[in-house]
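Each remark here refers to the structure printed beneath this line.
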Amino acid sequence: MAKDNKKMVEQITSMEEDFTQWYTDVVKKAELMDYSSIKGCMIFRPYGYAIWENIQKGLDARFKELGHENVYMPMFIPESLLTKEKDHVEGFAPECAWVTVGGENKLTERLAVRPTSETLFCEHFRDVIHSYRDLPKLYNQWCSVVRWEKTTRPFLRTSEFLWQEGHTMHETEDEARAETLQMLKVYEEFYLNALAIPAVTGRKTEKEKFAGAEETYTIEPMMHNGVALQGGTSHFFGDGFARAFDITYTARDNQVRYPFQTSWGVSTRMIGAIIMCHGDDNGLILPPAIAPIQVALIPIAQHKEGVLDRAAALRDQLKAAGLRVKLDDGDQSTGWKFSQYEMKGVPVRLELGPKDIENNSCVLVSRVTREKKFVSLDNVIEEVEAMLAQVHSELVERARRNLSEKMTTATTHEEFLDAAENKPGFIKAMWCGDSACEEQLKDETGGVKSRCIPFVEDHLSDVCVCCGKKAKHMVVWGRQY
RNA sequence: CGGGGUGUGGCGCAGUUGGUAGCGCGCGACGUUUGGGACGUCGAUGCCGCAGGUUCGAAUCCUGUCACUCCGACCA
């Protein structure tokens, strides 16, 4: 029996042994997704989709609080529209999926399945923006986009992925720049307070910028193994698209002017970040704010008189307090249920058995520490809420520690190469501002790239870690998914 | 797009010198269990990725093809 138990637990490969396999095991065992018959596309299973719905709810409320409105654009983009902005099309055309036939007939112009919707928004903005009174336009859309990726991984990179894309138009450059930074702050706050993920934020270098953007800002969380994930981006476009699409308005000074534009997005990749940031060898660990089930209520000896009734009453009580609870009265063994909800990353488990009922108590177990706490049923709601809050702060604390432990500095070329080779994580190093040095470092290290120029830069030295010329910025470097 | 790997019940796999498919898990019924992945009995489930070929006979040999997956280059 003991041997069998062991085998069951070993269904998840340990992180230490093979992080990639661990990741795949977790997404499957936690029932987040399944592979589909379409290459690179995945099926969101109910539990995985529920996480996305909670992320949506949290972000959507934040966007709306700041005055944004949701819209929906078509999923097809005529080739002529997509190609209006030169840099943009060069960035995206190579990975577009094209529709060339409609019904029985070949189309006169092929249609791209949207890889991103800047061009569609611009076409529309051209029609609805005429006066400063029409500005700002603060639009957002929740949709899926398609990018024909060569290699794909569940949640991290799929050919079709779900996301939100905000697109805004403003009277002034200052206002648009402020919007760009504001939305990055929203992402940063959401990552921290909802996903329990602290992250590095900053500006992308010229080389890493979004196709067509003047500035790209990014949030870069670090995964458990030290690898970065571009977790969200916010772009300032200047008036480049406005000029390309001939979007003009009559300003307060009665002059015809071009508006200034931003766009910003996060995707279901966030779920990948949650998995790789918080998970452990027993499976997923979900931050309480977005966990579809916050409390797994497991009745003990449920066949005994009164146990299920009492458990159901407790469930209703917790639900009434606004908690997301699942009472599992299935006939699987208790141990099986424990394992099941651990794999699925439910933050708090509540055990209720005959002895507890007799004592007017129950047992709470934290998914992070596995610590058992015996609490009175009289104040169970407060206790559960406290444990959920504790799980959140422990996840933040753990992730913060990982981030700082895996952050190294390099002041010389040798140090940089050594860190890239031997120390998984981020590297802080000075940089001259030349893309050639980024290219060289990437080649020498086999994939370490600039993540961003953080908002607060340390002065590590006067010279570029690569070429030795005068340094312009401190850059955070790392490998990425 | 380059390099590797794998395709056999839902999942993980075995299948010898070619002889007509098996194991574990899971699934269903019943019974016993029930505070860390329970046990017994019975039962159901296969276009052996696909298409050709060789052969009396192919999961097995040959050719082609498709898919998935991992590692690189490209990207949220």
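Chain labels A, B, ... are given in the sequence in which chains occur in the structure tokens; within each chain residues are numbered consecutively from 1, and ligands are likewise numbered from 1 in the order shown.
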Near-B:G52 list (12 Å; only C-alpha atoms (C1' of nucleotides); drop same-chain fewer than 5 positions) as a list in words:
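Contacts, in chain order: C62, U63, G64 and U65 of chain B.
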I need the residues from that last selection saved to file as a compact mmCIF listing (two decimals), in the first residue's frame (with N, CA and C atoms (P, O5', C5', C4', C3', O3' and C1' of nucleotides)), if you can.
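Final output, result09.txt:
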```txt
# COMPACT_ATOMS: atom_id res chain seq x y z
P C B 62 12.38 -1.95 -41.29
O5' C B 62 12.01 -1.85 -42.83
C5' C B 62 12.92 -2.28 -43.84
C4' C B 62 12.34 -1.97 -45.21
C3' C B 62 11.90 -0.52 -45.40
O3' C B 62 12.98 0.31 -45.74
C1' C B 62 10.18 -1.95 -46.14
P U B 63 12.94 1.88 -45.28
O5' U B 63 11.90 2.50 -46.31
C5' U B 63 12.17 2.49 -47.72
C4' U B 63 10.99 3.04 -48.46
C3' U B 63 10.46 4.38 -47.96
O3' U B 63 11.23 5.48 -48.43
C1' U B 63 8.64 2.91 -48.31
P G B 64 11.34 6.81 -47.46
O5' G B 64 9.89 7.44 -47.59
C5' G B 64 9.44 7.98 -48.82
C4' G B 64 7.95 8.14 -48.82
C3' G B 64 7.39 9.17 -47.87
O3' G B 64 7.53 10.49 -48.34
C1' G B 64 6.08 7.20 -47.76
P U B 65 7.74 11.70 -47.29
O5' U B 65 6.30 11.79 -46.60
C5' U B 65 5.15 12.16 -47.35
C4' U B 65 3.91 11.89 -46.55
C3' U B 65 3.79 12.67 -45.26
O3' U B 65 3.31 13.99 -45.46
C1' U B 65 3.27 10.41 -44.86
```
Per residue of chain A within 9 Å of chain B, record the nearest atom pair and its distance in Å to one decimal, counting only C-alpha atoms (C1' of nucleotides), with rows in chain order and ascending residue number, as JSON lines.
```
{"residue": "A:Met1", "atom": "CA", "partner": "B:A38", "partner_atom": "C1'", "distance": 8.4}
{"residue": "A:Asp4", "atom": "CA", "partner": "B:G37", "partner_atom": "C1'", "distance": 8.3}
{"residue": "A:Asn5", "atom": "CA", "partner": "B:G37", "partner_atom": "C1'", "distance": 5.6}
{"residue": "A:Lys6", "atom": "CA", "partner": "B:G37", "partner_atom": "C1'", "distance": 8.3}
{"residue": "A:Met8", "atom": "CA", "partner": "B:G37", "partner_atom": "C1'", "distance": 6.2}
{"residue": "A:Val9", "atom": "CA", "partner": "B:G37", "partner_atom": "C1'", "distance": 7.1}
{"residue": "A:Ser37", "atom": "CA", "partner": "B:A67", "partner_atom": "C1'", "distance": 8.7}
{"residue": "A:Lys39", "atom": "CA", "partner": "B:C68", "partner_atom": "C1'", "distance": 8.5}
{"residue": "A:Glu95", "atom": "CA", "partner": "B:C75", "partner_atom": "C1'", "distance": 8.5}
{"residue": "A:Arg147", "atom": "CA", "partner": "B:C75", "partner_atom": "C1'", "distance": 8.4}
{"residue": "A:Glu149", "atom": "CA", "partner": "B:C75", "partner_atom": "C1'", "distance": 7.1}
{"residue": "A:Lys150", "atom": "CA", "partner": "B:C74", "partner_atom": "C1'", "distance": 7.7}
{"residue": "A:Leu156", "atom": "CA", "partner": "B:A76", "partner_atom": "C1'", "distance": 8.2}
{"residue": "A:Arg157", "atom": "CA", "partner": "B:A76", "partner_atom": "C1'", "distance": 7.6}
{"residue": "A:Phe161", "atom": "CA", "partner": "B:A76", "partner_atom": "C1'", "distance": 8.8}
{"residue": "A:Trp163", "atom": "CA", "partner": "B:A76", "partner_atom": "C1'", "distance": 8.9}
{"residue": "A:Gln230", "atom": "CA", "partner": "B:A76", "partner_atom": "C1'", "distance": 6.9}
{"residue": "A:Gly231", "atom": "CA", "partner": "B:A76", "partner_atom": "C1'", "distance": 7.5}
{"residue": "A:Gly232", "atom": "CA", "partner": "B:A76", "partner_atom": "C1'", "distance": 7.1}
{"residue": "A:Thr233", "atom": "CA", "partner": "B:A76", "partner_atom": "C1'", "distance": 8.2}
{"residue": "A:Gly265", "atom": "CA", "partner": "B:A76", "partner_atom": "C1'", "distance": 8.2}
{"residue": "A:Val266", "atom": "CA", "partner": "B:A76", "partner_atom": "C1'", "distance": 7.2}
{"residue": "A:Ser267", "atom": "CA", "partner": "B:A76", "partner_atom": "C1'", "distance": 6.6}
{"residue": "A:Thr268", "atom": "CA", "partner": "B:A76", "partner_atom": "C1'", "distance": 8.9}
{"residue": "A:Arg269", "atom": "CA", "partner": "B:A76", "partner_atom": "C1'", "distance": 7.2}
{"residue": "A:Ile300", "atom": "CA", "partner": "B:G35", "partner_atom": "C1'", "distance": 6.5}
{"residue": "A:Ala301", "atom": "CA", "partner": "B:U34", "partner_atom": "C1'", "distance": 5.2}
{"residue": "A:Gln302", "atom": "CA", "partner": "B:U34", "partner_atom": "C1'", "distance": 7.8}
{"residue": "A:His303", "atom": "CA", "partner": "B:U34", "partner_atom": "C1'", "distance": 8.2}
{"residue": "A:Ser333", "atom": "CA", "partner": "B:U34", "partner_atom": "C1'", "distance": 6.4}
{"residue": "A:Thr334", "atom": "CA", "partner": "B:U34", "partner_atom": "C1'", "distance": 6.8}
{"residue": "A:Gly335", "atom": "CA", "partner": "B:G36", "partner_atom": "C1'", "distance": 4.6}
{"residue": "A:Trp336", "atom": "CA", "partner": "B:G37", "partner_atom": "C1'", "distance": 4.1}
{"residue": "A:Lys337", "atom": "CA", "partner": "B:G37", "partner_atom": "C1'", "distance": 7.6}
{"residue": "A:Phe338", "atom": "CA", "partner": "B:G36", "partner_atom": "C1'", "distance": 6.8}
{"residue": "A:Ser339", "atom": "CA", "partner": "B:G37", "partner_atom": "C1'", "distance": 6.1}
{"residue": "A:Gln340", "atom": "CA", "partner": "B:G37", "partner_atom": "C1'", "distance": 8.2}
{"residue": "A:Glu351", "atom": "CA", "partner": "B:G35", "partner_atom": "C1'", "distance": 8.2}
{"residue": "A:Leu352", "atom": "CA", "partner": "B:G35", "partner_atom": "C1'", "distance": 9.0}
{"residue": "A:Gly353", "atom": "CA", "partner": "B:G35", "partner_atom": "C1'", "distance": 7.5}
```
Could you please write out, as a PyMOL selection string, every residue of stretch 185-266 of chain A that DSSP assigns to strand (DSSP E or B)?
chain A and resi 199-203+215-222+228+232-238+249-250+256-257+260-266
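Closest approach to B:G5 among B:G46, B:G57, B:U32, B:C71 is made by B:C71 (distances from only C-alpha atoms (C1' of nucleotides)).
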Can you pull out the residues contacting B:A21? Cut-off 12 Å, using only C-alpha atoms (C1' of nucleotides), and skip same-chain residues under 4 positions away; I want them as a PyMOL selection string.
chain B and resi 8-9+14-15+46+48+59-60
Taking N, CA and C atoms (P, O5', C5', C4', C3', O3' and C1' of nucleotides) for each residue, export the selection above as an mmCIF file, in the first residue's frame.
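selection_30.cif written:
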```cif
data_model
loop_
_atom_site.group_PDB
_atom_site.id
_atom_site.type_symbol
_atom_site.label_atom_id
_atom_site.label_comp_id
_atom_site.auth_asym_id
_atom_site.auth_seq_id
_atom_site.Cartn_x
_atom_site.Cartn_y
_atom_site.Cartn_z
ATOM 1 P P U B 8 -0.022 5.483 -28.972
ATOM 2 O "O5'" U B 8 -0.159 3.959 -29.400
ATOM 3 C "C5'" U B 8 -1.067 3.564 -30.394
ATOM 4 C "C4'" U B 8 -1.541 2.172 -30.143
ATOM 5 C "C3'" U B 8 -2.144 1.931 -28.765
ATOM 6 O "O3'" U B 8 -3.504 2.335 -28.717
ATOM 7 C "C1'" U B 8 -0.597 0.229 -29.222
ATOM 8 P P G B 9 -3.950 3.514 -27.809
ATOM 9 O "O5'" G B 9 -5.322 2.909 -27.267
ATOM 10 C "C5'" G B 9 -5.789 3.184 -25.952
ATOM 11 C "C4'" G B 9 -7.168 2.591 -25.873
ATOM 12 C "C3'" G B 9 -7.987 3.156 -24.732
ATOM 13 O "O3'" G B 9 -9.287 3.478 -25.201
ATOM 14 C "C1'" G B 9 -7.940 0.798 -24.645
ATOM 15 P P A B 14 7.688 0.661 -23.449
ATOM 16 O "O5'" A B 14 7.156 -0.841 -23.376
ATOM 17 C "C5'" A B 14 7.595 -1.669 -22.309
ATOM 18 C "C4'" A B 14 6.960 -3.027 -22.355
ATOM 19 C "C3'" A B 14 7.125 -3.875 -23.608
ATOM 20 O "O3'" A B 14 8.431 -4.368 -23.769
ATOM 21 C "C1'" A B 14 4.980 -4.183 -22.681
ATOM 22 P P G B 15 9.054 -4.532 -25.215
ATOM 23 O "O5'" G B 15 8.005 -5.478 -25.939
ATOM 24 C "C5'" G B 15 7.999 -6.868 -25.660
ATOM 25 C "C4'" G B 15 6.832 -7.527 -26.333
ATOM 26 C "C3'" G B 15 6.821 -7.471 -27.865
ATOM 27 O "O3'" G B 15 7.653 -8.448 -28.433
ATOM 28 C "C1'" G B 15 4.686 -6.911 -27.038
ATOM 29 P P G B 46 -13.335 -1.510 -28.136
ATOM 30 O "O5'" G B 46 -12.240 -0.612 -28.845
ATOM 31 C "C5'" G B 46 -11.181 -0.073 -28.082
ATOM 32 C "C4'" G B 46 -9.968 0.148 -28.932
ATOM 33 C "C3'" G B 46 -10.058 -0.277 -30.394
ATOM 34 O "O3'" G B 46 -9.396 0.659 -31.222
ATOM 35 C "C1'" G B 46 -8.363 -1.526 -29.283
ATOM 36 P P C B 48 -5.748 -0.942 -35.516
ATOM 37 O "O5'" C B 48 -4.628 -0.637 -34.435
ATOM 38 C "C5'" C B 48 -4.317 0.730 -34.050
ATOM 39 C "C4'" C B 48 -2.878 0.782 -33.570
ATOM 40 C "C3'" C B 48 -1.879 0.526 -34.702
ATOM 41 O "O3'" C B 48 -1.103 1.635 -35.129
ATOM 42 C "C1'" C B 48 -1.572 -1.031 -32.875
ATOM 43 P P A B 59 -1.153 -6.429 -37.565
ATOM 44 O "O5'" A B 59 -0.681 -5.334 -36.514
ATOM 45 C "C5'" A B 59 -0.515 -3.985 -36.912
ATOM 46 C "C4'" A B 59 0.529 -3.313 -36.058
ATOM 47 C "C3'" A B 59 1.970 -3.693 -36.391
ATOM 48 O "O3'" A B 59 2.491 -2.872 -37.396
ATOM 49 C "C1'" A B 59 1.595 -3.876 -34.058
ATOM 50 P P U B 60 3.485 -3.402 -38.462
ATOM 51 O "O5'" U B 60 4.678 -4.023 -37.620
ATOM 52 C "C5'" U B 60 5.573 -3.189 -36.888
ATOM 53 C "C4'" U B 60 6.539 -4.055 -36.112
ATOM 54 C "C3'" U B 60 7.519 -4.847 -36.982
ATOM 55 O "O3'" U B 60 8.800 -4.832 -36.393
ATOM 56 C "C1'" U B 60 6.256 -6.318 -35.610
#
```
Skipping near chain neighbours, those fewer than 2 positions away, what residues fall within 7 Å of A:Thr411 using only C-alpha atoms (C1' of nucleotides), listed as a PyMOL selection string?
chain A and resi 409+413+415+429+460-461+465
Residues near stretch 308-316 of chain A, anyone? I mean within 8 Å using only C-alpha atoms (C1' of nucleotides), not counting same-chain ones fewer than 2 positions away, as a list in words.
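Final neighbour list, sorted by chain and number: Leu297, Pro299, Gln302, His303, Glu305, Gly306, Leu318, Lys319, Ala320, Val325, Lys326, Leu327, Asp329, Leu352 and Ile357 of chain A.
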DSSP alpha helix (DSSP H) selection over stretch 1-173 of chain A, as a VMD selection string
chain A and resid 2 to 9 19 to 29 46 to 65 79 to 82 86 to 92 118 to 128 173
Residues of the last selection are to be written out with C-alpha atoms, as a tab-separated table (two decimals), in the first residue's frame.
```
chain	number	residue	atom	x	y	z
A	2	ALA	CA	2.74	2.40	0.98
A	3	LYS	CA	4.48	1.70	-2.28
A	4	ASP	CA	1.36	2.47	-4.28
A	5	ASN	CA	0.90	5.73	-2.41
A	6	LYS	CA	4.40	6.75	-3.26
A	7	LYS	CA	3.84	6.04	-6.90
A	8	MET	CA	0.73	8.17	-6.99
A	9	VAL	CA	2.55	11.10	-5.45
A	19	PHE	CA	11.58	21.72	-14.34
A	20	THR	CA	10.08	21.48	-17.82
A	21	GLN	CA	8.53	18.10	-17.14
A	22	TRP	CA	7.33	19.35	-13.75
A	23	TYR	CA	5.52	22.20	-15.50
A	24	THR	CA	3.84	19.89	-17.97
A	25	ASP	CA	2.84	17.48	-15.19
A	26	VAL	CA	1.31	20.28	-13.14
A	27	VAL	CA	-0.80	21.77	-15.93
A	28	LYS	CA	-2.15	18.32	-16.68
A	29	LYS	CA	-2.65	17.02	-13.14
A	46	PRO	CA	-13.03	24.39	-16.55
A	47	TYR	CA	-10.54	24.83	-13.73
A	48	GLY	CA	-8.01	26.60	-15.94
A	49	TYR	CA	-10.64	28.81	-17.50
A	50	ALA	CA	-12.02	29.69	-14.08
A	51	ILE	CA	-8.61	31.08	-13.15
A	52	TRP	CA	-8.67	33.21	-16.29
A	53	GLU	CA	-12.17	34.42	-15.47
A	54	ASN	CA	-11.01	35.55	-12.06
A	55	ILE	CA	-8.04	37.34	-13.60
A	56	GLN	CA	-10.43	39.00	-16.05
A	57	LYS	CA	-12.75	40.13	-13.29
A	58	GLY	CA	-9.91	41.65	-11.30
A	59	LEU	CA	-8.33	43.47	-14.22
A	60	ASP	CA	-11.58	44.53	-15.84
A	61	ALA	CA	-12.69	46.23	-12.63
A	62	ARG	CA	-9.38	48.08	-12.43
A	63	PHE	CA	-9.59	49.21	-16.07
A	64	LYS	CA	-13.14	50.46	-15.68
A	65	GLU	CA	-12.29	52.26	-12.47
A	79	GLU	CA	-3.84	42.71	-45.62
A	80	SER	CA	-3.94	46.28	-46.84
A	81	LEU	CA	-4.91	47.48	-43.39
A	82	LEU	CA	-2.30	45.45	-41.58
A	86	LYS	CA	5.72	49.74	-41.80
A	87	ASP	CA	7.45	48.64	-38.58
A	88	HIS	CA	4.28	47.02	-37.32
A	89	VAL	CA	3.76	44.80	-40.34
A	90	GLU	CA	7.43	43.80	-40.39
A	91	GLY	CA	7.05	42.67	-36.81
A	92	PHE	CA	3.90	40.65	-37.24
A	118	GLU	CA	-3.74	48.20	-33.39
A	119	THR	CA	-4.63	48.54	-37.04
A	120	LEU	CA	-8.32	47.75	-36.51
A	121	PHE	CA	-8.54	50.23	-33.67
A	122	CYS	CA	-6.81	52.84	-35.80
A	123	GLU	CA	-9.22	52.34	-38.67
A	124	HIS	CA	-12.09	52.89	-36.25
A	125	PHE	CA	-10.47	55.79	-34.41
A	126	ARG	CA	-10.13	57.54	-37.76
A	127	ASP	CA	-13.91	57.53	-38.05
A	128	VAL	CA	-14.84	58.49	-34.52
A	173	GLU	CA	1.92	63.40	-25.72
```
What does the distance from atom CA of A:Val227 to atom CA of A:Arg479 come to in Å, to one decimal?
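Between these atoms lies a distance of 5.4 Å.
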Please identify all polymer residues within 10 Å of B:C66, counting only C-alpha atoms (C1' of nucleotides), omitting same-chain residues fewer than 6 positions from it, and present them as a ChimeraX atom specification.
/B:49-51
Mind writing the picked residues with N, CA and C atoms (P, O5', C5', C4', C3', O3' and C1' of nucleotides) as a compact mmCIF listing (two decimals), in the first residue's frame?
```txt
# COMPACT_ATOMS: atom_id res chain seq x y z
P G B 49 -0.03 2.49 -34.38
O5' G B 49 -0.58 3.94 -34.69
C5' G B 49 -1.80 4.40 -34.10
C4' G B 49 -2.29 5.61 -34.85
C3' G B 49 -2.56 5.38 -36.32
O3' G B 49 -3.86 4.92 -36.54
C1' G B 49 -1.22 7.32 -36.03
P C B 50 -4.15 3.85 -37.69
O5' C B 50 -4.02 4.69 -39.05
C5' C B 50 -4.90 5.76 -39.33
C4' C B 50 -4.44 6.47 -40.58
C3' C B 50 -4.16 5.57 -41.77
O3' C B 50 -5.33 5.23 -42.47
C1' C B 50 -2.37 7.08 -41.51
P A B 51 -5.40 3.90 -43.32
O5' A B 51 -4.44 4.22 -44.55
C5' A B 51 -4.77 5.25 -45.48
C4' A B 51 -3.71 5.32 -46.55
C3' A B 51 -3.33 3.99 -47.16
O3' A B 51 -4.26 3.55 -48.11
C1' A B 51 -1.38 5.23 -46.67
```
For A:Thr158: contacts at 9 Å, only C-alpha atoms (C1' of nucleotides), fewer than 6 positions along chain excluded, given as a compact mmCIF listing (two decimals) with N, CA and C atoms, in the first residue's frame:
```txt
# COMPACT_ATOMS: atom_id res chain seq x y z
N LYS A 39 -2.54 22.16 -33.96
CA LYS A 39 -1.17 22.39 -33.54
C LYS A 39 -1.01 23.70 -32.77
N GLY A 40 -0.42 23.60 -31.61
CA GLY A 40 -0.11 24.81 -30.86
C GLY A 40 -1.28 25.44 -30.13
N CYS A 41 -2.46 24.87 -30.30
CA CYS A 41 -3.64 25.42 -29.62
C CYS A 41 -4.03 24.48 -28.49
N MET A 42 -4.49 25.07 -27.40
CA MET A 42 -4.84 24.21 -26.28
C MET A 42 -6.27 24.43 -25.82
N VAL A 146 -4.01 35.34 -32.67
CA VAL A 146 -3.29 34.20 -33.23
C VAL A 146 -1.91 34.62 -33.71
N ARG A 147 -0.93 33.95 -33.24
CA ARG A 147 0.43 34.15 -33.75
C ARG A 147 1.01 32.77 -34.03
N TRP A 148 1.40 32.57 -35.28
CA TRP A 148 1.82 31.23 -35.69
C TRP A 148 3.21 30.92 -35.15
N GLU A 149 3.26 30.51 -33.89
CA GLU A 149 4.52 30.27 -33.22
C GLU A 149 5.13 28.96 -33.69
N THR A 151 7.42 27.04 -31.89
CA THR A 151 7.30 26.07 -30.79
C THR A 151 6.36 26.64 -29.74
N THR A 152 5.57 25.77 -29.17
CA THR A 152 4.53 26.23 -28.25
C THR A 152 4.62 25.46 -26.93
```
Find the distance between atom CA of A:Ser263 and atom CA of A:Phe245 and write it in Å to one decimal.
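Distance between the two atoms: 15.7 Å.
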